[in-house]
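J.: This is my_file.cif (mmCIF, C-alpha atoms and all ligand atoms).
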data_final
loop_
_atom_site.label_atom_id
_atom_site.label_comp_id
_atom_site.auth_asym_id
_atom_site.auth_seq_id
_atom_site.Cartn_x
_atom_site.Cartn_y
_atom_site.Cartn_z
CA MET A 1 91.50 72.77 103.54
CA SER A 2 88.45 74.98 103.24
CA LYS A 3 90.42 77.92 101.88
CA ILE A 4 91.94 75.82 99.13
CA TRP A 5 88.48 74.59 98.28
CA ILE A 6 87.16 78.03 97.78
CA MET A 7 90.01 78.83 95.40
CA VAL A 8 89.18 75.84 93.26
CA LEU A 9 85.58 76.94 93.11
CA ILE A 10 86.54 80.42 92.10
CA THR A 11 88.57 79.05 89.22
CA ILE A 12 85.64 77.07 87.95
CA LEU A 13 82.74 79.40 88.48
CA THR A 14 84.68 82.68 88.25
CA ILE A 15 82.81 84.14 91.17
CA ASN A 16 83.83 87.75 91.60
CA CYS A 17 83.26 89.82 94.69
CA VAL A 18 82.69 92.83 92.44
CA SER A 19 79.46 93.95 90.79
CA ALA A 20 78.03 92.51 87.60
CA GLY A 21 79.90 93.38 84.44
CA MET A 22 83.08 94.12 86.39
CA VAL A 23 86.24 92.06 86.19
CA SER A 24 88.80 91.99 88.95
CA LEU A 25 92.50 91.52 88.13
CA THR A 26 94.26 89.93 91.05
CA TYR A 27 97.62 88.30 91.62
CA ASP A 28 97.20 87.48 95.31
CA ASP A 29 95.50 84.40 96.73
CA GLY A 30 92.82 86.41 98.55
CA ASN A 31 94.00 85.30 102.00
CA VAL A 32 95.89 87.93 103.93
CA ASP A 33 99.04 86.73 105.74
CA ASP A 34 100.64 89.96 106.89
CA ALA A 35 100.28 93.74 106.78
CA VAL A 36 103.00 96.37 106.39
CA TRP A 37 103.36 100.10 105.99
CA ILE A 38 106.31 101.69 104.31
CA ASP A 39 108.08 104.83 105.25
CA GLY A 40 108.95 108.00 103.42
CA GLN A 41 107.80 108.71 99.91
CA ARG A 42 107.71 105.11 98.76
CA GLY A 43 104.54 103.43 97.49
CA HIS A 44 103.20 99.88 97.07
CA GLY A 45 102.99 99.18 93.36
CA VAL A 46 101.49 96.33 91.37
CA VAL A 47 102.12 95.80 87.66
CA PHE A 48 98.91 94.62 85.96
CA THR A 49 98.28 93.45 82.42
CA ALA A 50 95.11 94.79 80.82
CA PRO A 51 92.95 91.92 79.51
CA THR A 52 92.33 93.88 76.32
CA ASP A 53 93.40 97.20 74.82
CA ASN A 54 91.53 100.23 76.15
CA TRP A 55 90.26 98.30 79.16
CA SER A 56 88.31 100.64 81.46
CA LEU A 57 89.87 100.69 84.91
CA ALA A 58 86.97 101.74 87.13
CA GLN A 59 88.10 100.96 90.66
CA VAL A 60 91.16 100.13 92.70
CA ALA A 61 90.62 97.67 95.56
CA ILE A 62 93.08 97.84 98.42
CA PHE A 63 93.17 95.45 101.33
CA GLY A 64 94.18 97.52 104.33
CA LYS A 65 93.42 99.19 107.63
CA LEU A 66 94.30 102.45 109.31
CA VAL A 67 97.53 102.81 111.22
CA ALA A 68 96.63 104.21 114.65
CA PRO A 69 97.77 106.77 115.49
CA SER A 70 98.28 107.66 111.86
CA LYS A 71 101.30 109.58 110.62
CA SER A 72 99.42 110.76 107.58
CA GLU A 73 95.77 111.47 106.92
CA MET A 74 96.04 111.34 103.15
CA PHE A 75 96.80 108.69 100.59
CA VAL A 76 97.56 108.91 96.88
CA ILE A 77 96.72 106.36 94.19
CA GLU A 78 98.43 106.74 90.84
CA VAL A 79 97.91 104.80 87.65
CA TRP A 80 100.95 104.66 85.35
CA ASP A 81 101.28 103.29 81.85
CA GLN A 82 104.08 100.90 80.87
CA ASN A 83 106.46 103.84 80.39
CA LEU A 84 105.70 104.90 83.97
CA SER A 85 103.88 107.99 82.73
CA LEU A 86 100.99 109.19 84.86
CA LEU A 87 97.54 108.27 83.52
CA TYR A 88 95.52 109.20 86.56
CA LYS A 89 95.98 110.33 90.13
CA THR A 90 93.61 110.57 93.07
CA THR A 91 94.20 111.83 96.59
CA ASP A 92 91.85 111.26 99.51
CA LYS A 93 91.55 110.93 103.25
CA ALA A 94 92.61 107.51 104.50
CA SER A 95 89.91 107.47 107.19
CA ALA A 96 87.22 107.82 104.51
CA TYR A 97 88.21 104.42 103.10
CA PHE A 98 90.03 102.45 105.78
CA GLY A 99 88.99 101.49 109.29
CA ASP A 100 90.23 99.45 112.24
CA ASN A 101 89.86 96.10 110.50
CA LEU A 102 91.87 94.69 107.62
CA THR A 103 89.44 94.54 104.72
CA TRP A 104 88.98 95.46 101.05
CA SER A 105 88.30 99.12 100.30
CA LEU A 106 87.21 100.24 96.85
CA VAL A 107 88.37 103.56 95.44
CA ASP A 108 86.41 104.74 92.38
CA LEU A 109 88.20 106.07 89.30
CA PRO A 110 86.58 107.71 86.27
CA ASP A 111 87.11 104.78 83.83
CA VAL A 112 90.83 105.20 83.13
CA LYS A 113 91.67 103.53 79.78
CA VAL A 114 94.59 101.14 80.10
CA SER A 115 96.35 98.91 77.56
CA GLY A 116 99.16 96.38 77.91
CA ASP A 117 100.99 96.57 81.21
CA PHE A 118 100.01 99.29 83.63
CA LEU A 119 100.94 100.04 87.20
CA ILE A 120 98.85 100.99 90.21
CA ALA A 121 100.85 102.69 92.96
CA PHE A 122 99.45 103.22 96.44
CA PHE A 123 101.25 105.86 98.51
CA GLU A 124 99.96 105.57 102.06
CA PHE A 125 102.70 107.61 103.78
CA ALA A 126 102.71 105.20 106.73
CA GLY A 127 99.01 105.89 107.32
CA VAL A 128 97.59 102.54 106.19
CA TRP A 129 98.61 98.95 106.81
CA GLN A 130 98.81 97.31 103.40
CA GLY A 131 97.63 93.69 103.35
CA VAL A 132 100.22 91.21 102.07
CA ASP A 133 99.78 87.71 100.69
CA THR A 134 103.02 85.83 101.24
CA SER A 135 102.47 82.94 98.84
CA PRO A 136 105.06 82.60 96.06
CA SER A 137 104.69 85.80 94.13
CA SER A 138 104.10 86.64 90.53
CA GLY A 139 106.89 89.23 90.78
CA ARG A 140 104.38 91.92 90.03
CA SER A 141 104.53 93.64 93.41
CA ILE A 142 107.12 96.39 93.49
CA LEU A 143 108.11 99.57 95.35
CA ALA A 144 107.37 102.80 93.52
CA ALA A 145 108.49 106.41 93.90
CA ARG A 146 107.54 109.66 92.14
CA ASN A 147 109.35 112.72 90.73
CA PRO A 148 110.49 111.12 88.54
CA ASN A 149 108.23 108.04 88.47
CA ARG A 150 110.35 104.96 89.03
CA ILE A 151 110.50 101.42 90.35
CA LEU A 152 112.82 101.20 93.36
CA ASN A 153 115.15 98.40 94.35
CA TRP A 154 113.33 96.06 96.71
CA SER A 155 113.92 96.77 100.38
CA VAL A 156 111.22 95.95 102.93
CA GLN A 157 111.99 94.80 106.44
CA ASN A 158 111.43 91.04 106.84
CA ARG A 159 109.87 90.71 103.40
CA THR A 160 111.39 89.28 100.23
CA GLN A 161 109.99 90.29 96.87
CA ASN A 162 109.43 86.71 95.72
CA GLN A 163 107.03 86.12 98.62
CA THR A 164 105.21 89.42 98.60
CA ASN A 165 101.97 90.12 96.83
CA TRP A 166 100.54 93.51 97.77
CA MET A 167 96.82 92.94 98.04
CA ILE A 168 95.81 95.52 95.47
CA GLN A 169 93.34 94.69 92.71
CA ALA A 170 92.38 96.44 89.52
CA VAL A 171 88.63 96.40 88.85
CA GLY A 172 87.35 97.33 85.42
CA HIS A 173 85.31 96.41 82.40
CA SER A 174 85.18 95.96 78.65
CA PRO A 175 82.36 94.99 76.27
CA GLU A 176 80.75 91.74 77.42
CA PRO A 177 79.62 88.81 75.31
CA ASP A 178 76.02 87.66 75.19
CA ILE A 179 74.61 84.15 74.93
CA THR A 180 71.32 82.41 74.23
CA ILE A 181 70.93 78.68 74.32
CA SER A 182 68.16 76.40 73.15
CA VAL A 183 67.59 72.73 73.79
CA LEU A 184 67.06 71.24 70.32
CA SER A 185 66.49 67.72 71.51
CA ASP A 186 65.37 67.19 75.10
CA THR A 187 65.71 63.45 75.58
CA ALA A 188 69.12 61.90 76.01
CA SER A 189 70.49 58.44 75.55
CA GLU A 190 73.74 57.00 74.30
CA LYS A 191 72.23 56.39 70.85
CA SER A 192 70.37 59.65 70.62
CA PRO A 193 72.12 62.38 72.60
CA ALA A 194 70.44 65.58 73.74
CA LYS A 195 71.35 68.57 71.59
CA ILE A 196 71.95 72.05 72.92
CA LYS A 197 72.68 74.98 70.69
CA ALA A 198 74.49 78.09 71.93
CA LYS A 199 74.57 81.38 70.04
CA THR A 200 77.05 83.97 71.24
CA THR A 201 77.96 87.50 70.29
CA ASP A 202 80.57 89.94 71.54
CA PRO A 203 80.61 93.65 70.61
CA ASP A 204 84.42 93.94 70.66
CA GLY A 205 85.03 90.57 69.00
CA ASN A 206 87.20 88.75 71.52
CA LEU A 207 85.16 85.61 72.18
CA LYS A 208 87.18 82.82 73.76
CA SER A 209 85.10 79.77 74.67
CA ALA A 210 81.73 78.31 75.54
CA THR A 211 81.31 75.70 78.24
CA GLU A 212 78.33 73.43 78.70
CA TYR A 213 77.41 72.05 82.12
CA VAL A 214 74.80 69.34 82.57
CA VAL A 215 73.24 69.45 86.02
CA ASP A 216 71.24 66.65 87.63
CA ASN A 217 68.06 68.45 88.63
CA LYS A 218 67.58 66.31 91.73
CA THR A 219 71.09 66.18 93.24
CA ARG A 220 72.15 69.50 91.61
CA GLU A 221 75.49 67.87 90.74
CA ILE A 222 77.32 68.92 87.58
CA VAL A 223 77.60 65.52 85.96
CA TRP A 224 79.09 66.55 82.62
CA SER A 225 81.01 69.52 81.17
CA GLU A 226 82.37 70.29 77.77
CA VAL A 227 84.25 73.32 76.51
CA VAL A 228 84.64 74.50 72.91
CA GLU A 229 86.76 77.30 71.51
CA MET A 230 85.17 80.40 70.07
CA THR A 231 86.61 83.41 68.30
CA GLY A 232 85.50 86.69 66.80
CA SER A 233 82.32 88.63 67.43
CA SER A 234 79.72 85.95 66.82
CA ALA A 235 79.84 82.19 67.05
CA GLU A 236 77.62 79.16 67.43
CA ALA A 237 78.21 75.83 69.06
CA GLU A 238 76.16 72.66 69.22
CA PHE A 239 76.72 70.44 72.24
CA SER A 240 75.52 66.90 72.36
CA TRP A 241 75.10 64.97 75.59
CA PRO A 242 74.78 61.18 75.37
CA ALA A 243 73.37 60.81 78.92
CA VAL A 244 76.73 60.20 80.55
CA ALA A 245 78.30 61.37 83.81
CA PHE A 246 81.94 61.72 84.83
CA ARG A 247 82.81 59.52 87.80
CA ILE A 248 86.06 58.50 89.40
CA SER A 249 87.11 55.01 90.30
CA ALA A 250 89.97 54.16 92.61
CA ASN A 251 91.36 50.64 92.96
CA GLY A 252 88.49 49.40 90.84
CA GLN A 253 85.84 50.94 93.06
CA ASP A 254 83.46 53.66 91.85
CA GLU A 255 83.82 56.64 94.20
CA GLY A 256 81.16 58.91 92.68
CA VAL A 257 80.46 61.84 90.37
CA ILE A 258 83.30 64.35 89.97
CA PHE A 259 83.77 67.57 88.07
CA ALA A 260 85.81 66.94 84.92
CA ILE A 261 86.12 68.66 81.56
CA ASN A 262 87.73 68.12 78.19
CA ASN A 263 90.97 69.99 77.49
CA LEU A 264 91.62 72.31 74.60
CA GLY A 265 94.97 73.29 73.27
CA PHE A 266 97.30 70.37 73.93
CA MET A 267 99.61 69.31 71.12
CA ALA A 268 97.96 66.71 68.92
CA ASN A 269 100.18 63.88 70.13
CA LEU A 270 99.37 64.63 73.78
CA SER A 271 95.69 65.48 73.48
CA ARG A 272 94.70 61.79 73.49
CA LEU A 273 96.56 61.22 76.78
CA LEU A 274 95.48 64.46 78.42
CA ALA A 275 91.96 64.57 77.04
CA TYR A 276 90.20 65.41 80.32
CA SER A 277 91.13 67.19 83.50
CA ALA A 278 89.62 67.33 86.96
CA PRO A 279 90.45 69.85 89.66
CA CYS A 280 91.63 68.17 92.82
CA ILE A 281 93.37 68.65 96.12
CA LEU A 282 96.61 66.80 96.56
CA GLU A 283 97.92 66.12 100.03
CA LEU A 284 101.44 64.80 99.56
CA ASP A 285 102.06 64.42 103.25
CA LYS A 286 100.39 65.77 106.37
CA ASN A 287 99.65 69.46 105.79
CA VAL A 288 101.47 69.63 102.47
CA ASN A 289 98.50 70.54 100.29
CA PHE A 290 98.26 71.69 96.71
CA THR A 291 95.39 72.52 94.45
CA ALA A 292 96.05 70.62 91.27
CA GLU A 293 94.64 69.27 88.05
CA ALA A 294 94.48 65.54 87.39
CA TYR A 295 94.68 64.65 83.69
CA PHE A 296 93.09 61.62 82.12
CA GLY A 297 93.36 60.07 78.69
CA GLU A 298 90.52 59.40 76.29
CA ASP A 299 90.47 55.91 77.76
CA GLY A 300 90.12 57.33 81.29
CA GLN A 301 93.68 56.44 82.36
CA PHE A 302 95.24 58.79 84.92
CA ASN A 303 98.24 60.30 83.12
CA ALA A 304 99.38 63.48 84.88
CA LEU A 305 99.02 65.48 88.07
CA ILE A 306 100.07 69.13 87.90
CA ASP A 307 99.70 71.60 90.76
CA SER A 308 98.52 75.19 90.46
CA TYR A 309 102.13 76.43 90.40
CA GLY A 310 102.74 74.34 87.27
CA PHE A 311 104.82 71.67 89.02
CA SER A 312 104.12 68.13 87.88
CA HIS A 313 103.88 65.54 90.65
CA TYR A 314 103.23 62.61 88.34
CA LEU A 315 103.48 61.85 84.63
CA SER A 316 102.64 58.47 83.19
CA GLN A 317 105.10 56.55 81.07
CA ASP A 318 102.96 57.21 77.99
CA VAL A 319 103.19 60.97 78.54
CA LEU A 320 106.92 60.82 79.21
CA ASN A 321 107.49 58.79 76.04
CA ILE A 322 106.16 61.78 74.12
CA THR A 323 107.53 64.70 76.14
CA LYS A 324 110.96 63.17 76.88
CA PRO A 325 111.48 60.22 74.55
CA GLY A 326 114.30 57.89 75.51
CA ILE A 327 114.21 58.70 79.23
CA ASP A 328 114.23 55.72 81.56
CA TYR A 329 110.84 55.76 83.30
CA GLU A 330 112.01 54.09 86.50
CA LYS A 331 114.72 56.67 86.93
CA PHE A 332 112.24 59.41 86.19
CA VAL A 333 109.84 58.04 88.80
CA LYS A 334 112.60 57.99 91.41
CA ASN A 335 113.73 61.54 90.76
CA ASN A 336 110.54 63.34 89.82
CA ILE A 337 107.43 61.77 91.26
CA THR A 338 106.58 63.32 94.60
CA ILE A 339 103.61 61.13 95.48
CA ILE A 340 104.28 59.01 98.56
CA LYS A 341 102.73 55.57 98.21
CA ASP A 342 100.07 54.78 100.83
CA THR A 343 100.46 58.28 102.34
CA SER A 344 99.59 60.88 99.72
CA THR A 345 95.90 61.45 99.11
CA ILE A 346 93.87 63.03 96.37
CA GLY A 347 90.44 64.58 96.75
CA PHE A 348 88.28 65.27 93.70
CA ILE A 349 85.53 67.82 93.55
CA ASN A 350 81.87 67.18 93.10
CA MET A 351 80.48 70.53 91.96
CA MET A 352 76.91 71.49 92.44
CA VAL A 353 74.69 74.26 91.21
CA PRO A 354 72.65 74.83 94.36
CA ALA A 355 68.95 75.52 93.95
CA ARG A 356 69.08 77.71 97.05
CA GLN A 357 71.83 79.93 98.43
CA ASP A 358 72.20 78.06 101.72
CA GLU A 359 72.91 74.77 99.96
CA PRO A 360 76.49 73.58 99.40
CA ALA A 361 78.15 74.27 96.05
CA SER A 362 80.60 71.40 96.25
CA LYS A 363 81.88 68.48 98.20
CA ILE A 364 85.07 66.47 98.17
CA ILE A 365 85.17 62.96 96.77
CA GLY A 366 87.79 61.28 98.86
CA PRO A 367 90.40 61.88 100.08
CA ILE A 368 91.57 58.81 98.22
CA VAL A 369 94.82 57.27 99.44
CA LEU A 370 97.20 56.76 96.51
CA SER A 371 98.17 53.16 97.06
CA GLY A 372 98.91 52.22 93.47
CA SER A 373 102.11 52.75 91.51
CA PRO A 374 103.03 55.13 88.67
CA SER A 375 103.07 52.23 86.21
CA SER A 376 99.55 51.24 87.25
CA HIS A 377 98.41 54.89 86.88
CA TYR A 378 97.79 54.85 90.65
CA ASP A 379 94.71 52.75 89.90
CA LEU A 380 92.67 55.89 89.28
CA LYS A 381 90.34 56.01 86.34
CA LEU A 382 87.95 58.60 84.98
CA LEU A 383 84.72 56.85 84.07
CA ARG A 384 82.06 57.95 81.67
CA SER A 385 79.07 56.12 83.09
CA ASN A 386 75.43 56.23 82.16
CA ALA A 387 73.63 59.10 83.84
CA GLY A 388 70.73 57.89 85.97
CA MET A 389 67.12 58.31 85.01
CA GLY A 390 65.66 61.72 85.65
CA GLU A 391 65.73 65.35 84.62
CA TYR A 392 68.83 67.31 83.76
CA ILE A 393 69.43 70.98 83.12
CA ALA A 394 71.85 72.47 80.60
CA ILE A 395 73.78 75.63 81.40
CA VAL A 396 76.16 77.19 78.90
CA LYS A 397 78.72 79.80 79.90
CA VAL A 398 80.47 82.05 77.40
CA GLU A 399 83.81 83.72 78.10
CA ASP A 400 85.76 86.33 76.21
CA GLN A 401 89.50 87.05 76.25
CA ALA A 402 88.92 89.88 78.72
CA PHE A 403 87.62 87.54 81.49
CA ASN A 404 83.97 88.48 81.00
CA VAL A 405 81.68 85.56 81.75
CA LEU A 406 77.97 85.18 81.02
CA SER A 407 75.72 82.15 81.16
CA ASP A 408 72.29 81.02 80.08
CA ILE A 409 70.10 78.12 81.21
CA GLY A 410 68.34 75.77 78.81
CA ASP A 411 64.69 76.60 78.12
CA LYS A 412 63.60 73.05 78.91
CA ALA A 413 64.81 70.13 80.97
CA ILE A 414 66.55 67.15 79.38
CA LYS A 415 65.06 63.77 80.23
CA VAL A 416 66.95 60.53 80.64
CA LYS A 417 64.64 57.52 80.58
CA CA A 501 97.87 84.24 101.31
CA CA A 502 84.46 91.26 74.74
#
Output the structure of this file as structure tokens.
Ligand SMILES: [Ca+2]
Ligand SMILES: [Ca+2]
T.:
Amino acid sequence: MSKIWIMVLITILTINCVSAGMVSLTYDDGNVDDAVWIDGQRGHGVVFTAPTDNWSLAQVAIFGKLVAPSKSEMFVIEVWDQNLSLLYKTTDKASAYFGDNLTWSLVDLPDVKVSGDFLIAFFEFAGVWQGVDTSPSSGRSILAARNPNRILNWSVQNRTQNQTNWMIQAVGHSPEPDITISVLSDTASEKSPAKIKAKTTDPDGNLKSATEYVVDNKTREIVWSEVVEMTGSSAEAEFSWPAVAFRISANGQDEGVIFAINNLGFMANLSRLLAYSAPCILELDKNVNFTAEAYFGEDGQFNALIDSYGFSHYLSQDVLNITKPGIDYEKFVKNNITIIKDTSTIGFINMMVPARQDEPASKIIGPIVLSGSPSSHYDLKLLRSNAGMGEYIAIVKVEDQAFNVLSDIGDKAIKVK
């Protein structure tokens, strides 16, 4: 459970293990399951997509350890463009980067400019165990060979390509956005919401969104979040917060504050039904866990549950009426809904912004046993309740299309009386 948790957190807070200003492109789940070396002149290759044109690839991270005794002292890393032409090559001693334990090693590159798809190939000549994540793969991990540069047919002992993710990451950077926020109105109530203004700029003009978080200064819980779209090289947004908190109720009982956020980009006729989403952990049956998103309508009704692989475990009749009009809902329920009544559970996430590093950043609300039925929306409801009296802090995070993230904290606290 704890590993899944961490993944959910990473998605929300975009914590990177790399230094400030750097972005890490990764297609593995971060948890190593196996390690392999490959023979001969073959290399482990991963096809990456640059987040923006002329992205500066500054480092290659490889999860590995030395093979002892090693057949080869040297390794080669090559960066190829989408035509498999060499952009950069580096050769070094394996023992200078890898040791006896499986861990991430960073190899510096001199800011190689990449655009579109590019390939990183790691030729270890049977000198390094390459870490493998065996979760369903993105199909981006391949076998590479040189002279001429090519992608080989897949052939690795005991490993299929659709369950192999070489643990190789591309670390790089591009111009970052900037943000300043100001609290225009620092008392909040339903009638007179607090107002927070965010001003953002981005030197290379690929702004994407700004997200406001309202944090209870006492419990450090994120009680409210709202995201707005942004584009171009400068944008402003004004958030208003009517002193409300997202909470979840199950079977008519209030279970507590959860992390939820409004959704952008659904078709107009679905946006009302899928207005909000909340990250959650779905346990269908013992030890069958998924990270997922629960979707709620503007009225708080639970309308969809979609796991991180894109598989939907539940859709409400209202959603189905729009996505597949004319389909018999009872039949659909029988054939498509995977939730097992009175057995499956759902855990929501209460996110915190800890005041100190040793304090927890989240806890699970639940697990809640799903004892309702699809037609009763499993008796789950997203509530927008009054936030309790006290002080709240506004944080706004800006993101650009190249995965850069920056945030700013409100200059004064917001009071709810
Ligand atoms: Ca894994
Ligand atoms: Ca940018």
J.: Please find the residues contacting ligand CA 502 (chain A) at a distance of at most 12 Å between atoms, with only C-alpha atoms and all ligand atoms counted, and report them as a PyMOL selection string.
T.: chain A and resi 21+23+51-55+173-178+200-209+230-234+398-406
J.: Please identify every residue of chain A that has at least one atom no farther than 8 Å from an atom of ligand CA 501 (chain A), counting all atoms listed in the file, and for each give the shortest atom pair and the distance in Å to one decimal, arranged by chain then increasing number, as CSV.
T.:
residue,atom,partner,partner_atom,distance
A:Asp28,CA,A:CA501,CA,6.9
A:Asp29,CA,A:CA501,CA,5.2
A:Gly30,CA,A:CA501,CA,6.2
A:Asn31,CA,A:CA501,CA,4.1
A:Val32,CA,A:CA501,CA,4.9
A:Asp33,CA,A:CA501,CA,5.2
A:Val132,CA,A:CA501,CA,7.4
A:Asp133,CA,A:CA501,CA,4.0
A:Thr134,CA,A:CA501,CA,5.4
A:Ser135,CA,A:CA501,CA,5.4
J.: Quick one: contact table of region 301-321 of chain A to region 262-271 of chain A, 12 Å max, nearest atom pair and distance in Å to one decimal per residue, counting only C-alpha atoms, chain and number order, as a Markdown table?
T.:
| residue | atom | partner | partner_atom | distance |
| --- | --- | --- | --- | --- |
| A:Asn303 | CA | A:Leu270 | CA | 10.4 |
| A:Ala304 | CA | A:Leu270 | CA | 11.2 |
| A:Leu315 | CA | A:Leu270 | CA | 11.9 |
| A:Ser316 | CA | A:Leu270 | CA | 11.7 |
| A:Asp318 | CA | A:Leu270 | CA | 9.3 |
| A:Val319 | CA | A:Leu270 | CA | 7.1 |
| A:Leu320 | CA | A:Leu270 | CA | 10.1 |
| A:Asn321 | CA | A:Leu270 | CA | 10.3 |
J.: If you measure from CA of Ile179 (chain A) to CA of Asp411 (chain A), what distance in Å do you get, rounded to one decimal?
T.: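 Rounded to one decimal, the two atoms are 12.9 Å apart.
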J.: Report, as lines of an AutoDock Vina configuration file, the centre and edge lengths in Å (one decimal) of the axis-aligned box enclosing every listed atom of region 260-274 of chain A, padded by 5 Å on each side.
T.:
center_x = 93.0
center_y = 67.3
center_z = 76.9
size_x = 24.4
size_y = 22.1
size_z = 26.0
J.: For Arg220 (chain A), which of A:Val257, A:Leu86, A:Thr164, A:Pro367 is the closest residue, counting only C-alpha atoms?
T.: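 Smallest separation from Arg220 (chain A) among the options: A:Val257.
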J.: Nearest to Glu238 (chain A): which of A:Val183, A:Leu383, A:Val76, A:Ala94 is it, counting only C-alpha atoms?
T.: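 Selected residue with least distance to Glu238 (chain A): A:Val183.
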J.: Need the shell around Lys286 (chain A): protein/DNA/RNA residues with any atom at most 9 Å away, counting only C-alpha atoms. Skip same-chain ones fewer than 2 positions apart. Format as JSON, numbers by chain?
T.: {"A": [283, 284, 288, 289, 343, 344]}
J.: With C-alpha atoms retained, write the just-selected residues as a short mmCIF file (atom, residue, chain, number, x, y, z; two decimals), in the coordinates of the input.
T.:
data_model
loop_
_atom_site.label_atom_id
_atom_site.label_comp_id
_atom_site.auth_asym_id
_atom_site.auth_seq_id
_atom_site.Cartn_x
_atom_site.Cartn_y
_atom_site.Cartn_z
CA GLU A 283 97.92 66.12 100.03
CA LEU A 284 101.44 64.80 99.56
CA VAL A 288 101.47 69.63 102.47
CA ASN A 289 98.50 70.54 100.29
CA THR A 343 100.46 58.28 102.34
CA SER A 344 99.59 60.88 99.72
#
J.: Rounded to one decimal place, report the CA of Ala144 (chain A)-CA of Gly40 (chain A) distance in Å.
T.: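 Between CA of Ala144 (chain A) and CA of Gly40 (chain A) the gap works out to 11.3 Å.
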J.: Using all atoms listed in the file, pick whichever of A:Ala121, A:Val128, A:Leu25, A:Ala361 has the shortest atom-to-atom distance to Lys65 (chain A).
T.: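 Once distances to Lys65 (chain A) are computed over all atoms listed in the file, the minimum belongs to A:Val128.
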J.: Excluding Ala61 (chain A) and residues on its chain fewer than 6 positions from it, collect all residues at most 9 Å away from it, counting all atoms listed in the file, and give them as a PDB file with C-alpha atoms, in the frame of the given file.
T.:
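Written output follows (out17.pdb):
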ATOM      1  CA  SER A  24      88.800  91.990  88.950  1.00  0.00           C
ATOM      2  CA  TRP A 104      88.980  95.460 101.050  1.00  0.00           C
ATOM      3  CA  SER A 105      88.300  99.120 100.300  1.00  0.00           C
ATOM      4  CA  LEU A 106      87.210 100.240  96.850  1.00  0.00           C
ATOM      5  CA  VAL A 107      88.370 103.560  95.440  1.00  0.00           C
ATOM      6  CA  ASP A 108      86.410 104.740  92.380  1.00  0.00           C
ATOM      7  CA  MET A 167      96.820  92.940  98.040  1.00  0.00           C
ATOM      8  CA  ILE A 168      95.810  95.520  95.470  1.00  0.00           C
ATOM      9  CA  GLN A 169      93.340  94.690  92.710  1.00  0.00           C
ATOM     10  CA  ALA A 170      92.380  96.440  89.520  1.00  0.00           C
ATOM     11  CA  VAL A 171      88.630  96.400  88.850  1.00  0.00           C
TER      12      VAL A 171
END
J.: How many Å separate CA of Val60 (chain A) from CA of Val36 (chain A)?
T.: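 Interatomic distance here is 18.5 Å.
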J.: Taking into account all atoms listed in the file, which residue in the set A:Val227, A:Ile322, A:Leu305, A:Val214 is nearest to Ile337 (chain A)?
T.: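 Once distances to Ile337 (chain A) are computed over all atoms listed in the file, the minimum belongs to A:Leu305.
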J.: Compare A:Asn158, A:Ser225, A:Ser95, A:Asn149 by their minimum atom-to-atom distance to Gln82 (chain A), counting all atoms listed in the file, and give me the closest one.
T.: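 So, comparing all the options, the nearest one is A:Asn149.
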J.: Could you please fill out region 215-225 of chain A with N, CA and C atoms and send it back as a PDB file, in the frame of the given file?
T.:
ATOM      1  N   VAL A 215      73.485  69.524  84.578  1.00  0.00           N
ATOM      2  CA  VAL A 215      73.240  69.450  86.020  1.00  0.00           C
ATOM      3  C   VAL A 215      72.087  68.481  86.281  1.00  0.00           C
ATOM      4  N   ASP A 216      72.305  67.555  87.181  1.00  0.00           N
ATOM      5  CA  ASP A 216      71.240  66.650  87.630  1.00  0.00           C
ATOM      6  C   ASP A 216      70.255  67.473  88.455  1.00  0.00           C
ATOM      7  N   ASN A 217      69.020  67.550  87.989  1.00  0.00           N
ATOM      8  CA  ASN A 217      68.060  68.450  88.630  1.00  0.00           C
ATOM      9  C   ASN A 217      67.701  68.026  90.051  1.00  0.00           C
ATOM     10  N   LYS A 218      67.942  66.777  90.388  1.00  0.00           N
ATOM     11  CA  LYS A 218      67.580  66.310  91.730  1.00  0.00           C
ATOM     12  C   LYS A 218      68.749  66.526  92.707  1.00  0.00           C
ATOM     13  N   THR A 219      69.940  66.069  92.319  1.00  0.00           N
ATOM     14  CA  THR A 219      71.090  66.180  93.240  1.00  0.00           C
ATOM     15  C   THR A 219      71.806  67.524  93.073  1.00  0.00           C
ATOM     16  N   ARG A 220      71.514  68.236  91.992  1.00  0.00           N
ATOM     17  CA  ARG A 220      72.150  69.500  91.610  1.00  0.00           C
ATOM     18  C   ARG A 220      73.635  69.337  91.301  1.00  0.00           C
ATOM     19  N   GLU A 221      74.090  68.117  91.105  1.00  0.00           N
ATOM     20  CA  GLU A 221      75.490  67.870  90.740  1.00  0.00           C
ATOM     21  C   GLU A 221      75.727  68.202  89.271  1.00  0.00           C
ATOM     22  N   ILE A 222      76.899  68.783  88.983  1.00  0.00           N
ATOM     23  CA  ILE A 222      77.320  68.920  87.580  1.00  0.00           C
ATOM     24  C   ILE A 222      77.885  67.564  87.191  1.00  0.00           C
ATOM     25  N   VAL A 223      77.169  66.881  86.291  1.00  0.00           N
ATOM     26  CA  VAL A 223      77.600  65.520  85.960  1.00  0.00           C
ATOM     27  C   VAL A 223      78.458  65.492  84.695  1.00  0.00           C
ATOM     28  N   TRP A 224      78.408  66.569  83.918  1.00  0.00           N
ATOM     29  CA  TRP A 224      79.090  66.550  82.620  1.00  0.00           C
ATOM     30  C   TRP A 224      79.446  67.987  82.233  1.00  0.00           C
ATOM     31  N   SER A 225      80.618  68.198  81.665  1.00  0.00           N
ATOM     32  CA  SER A 225      81.010  69.520  81.170  1.00  0.00           C
ATOM     33  C   SER A 225      81.783  69.347  79.885  1.00  0.00           C
TER      34      SER A 225
END
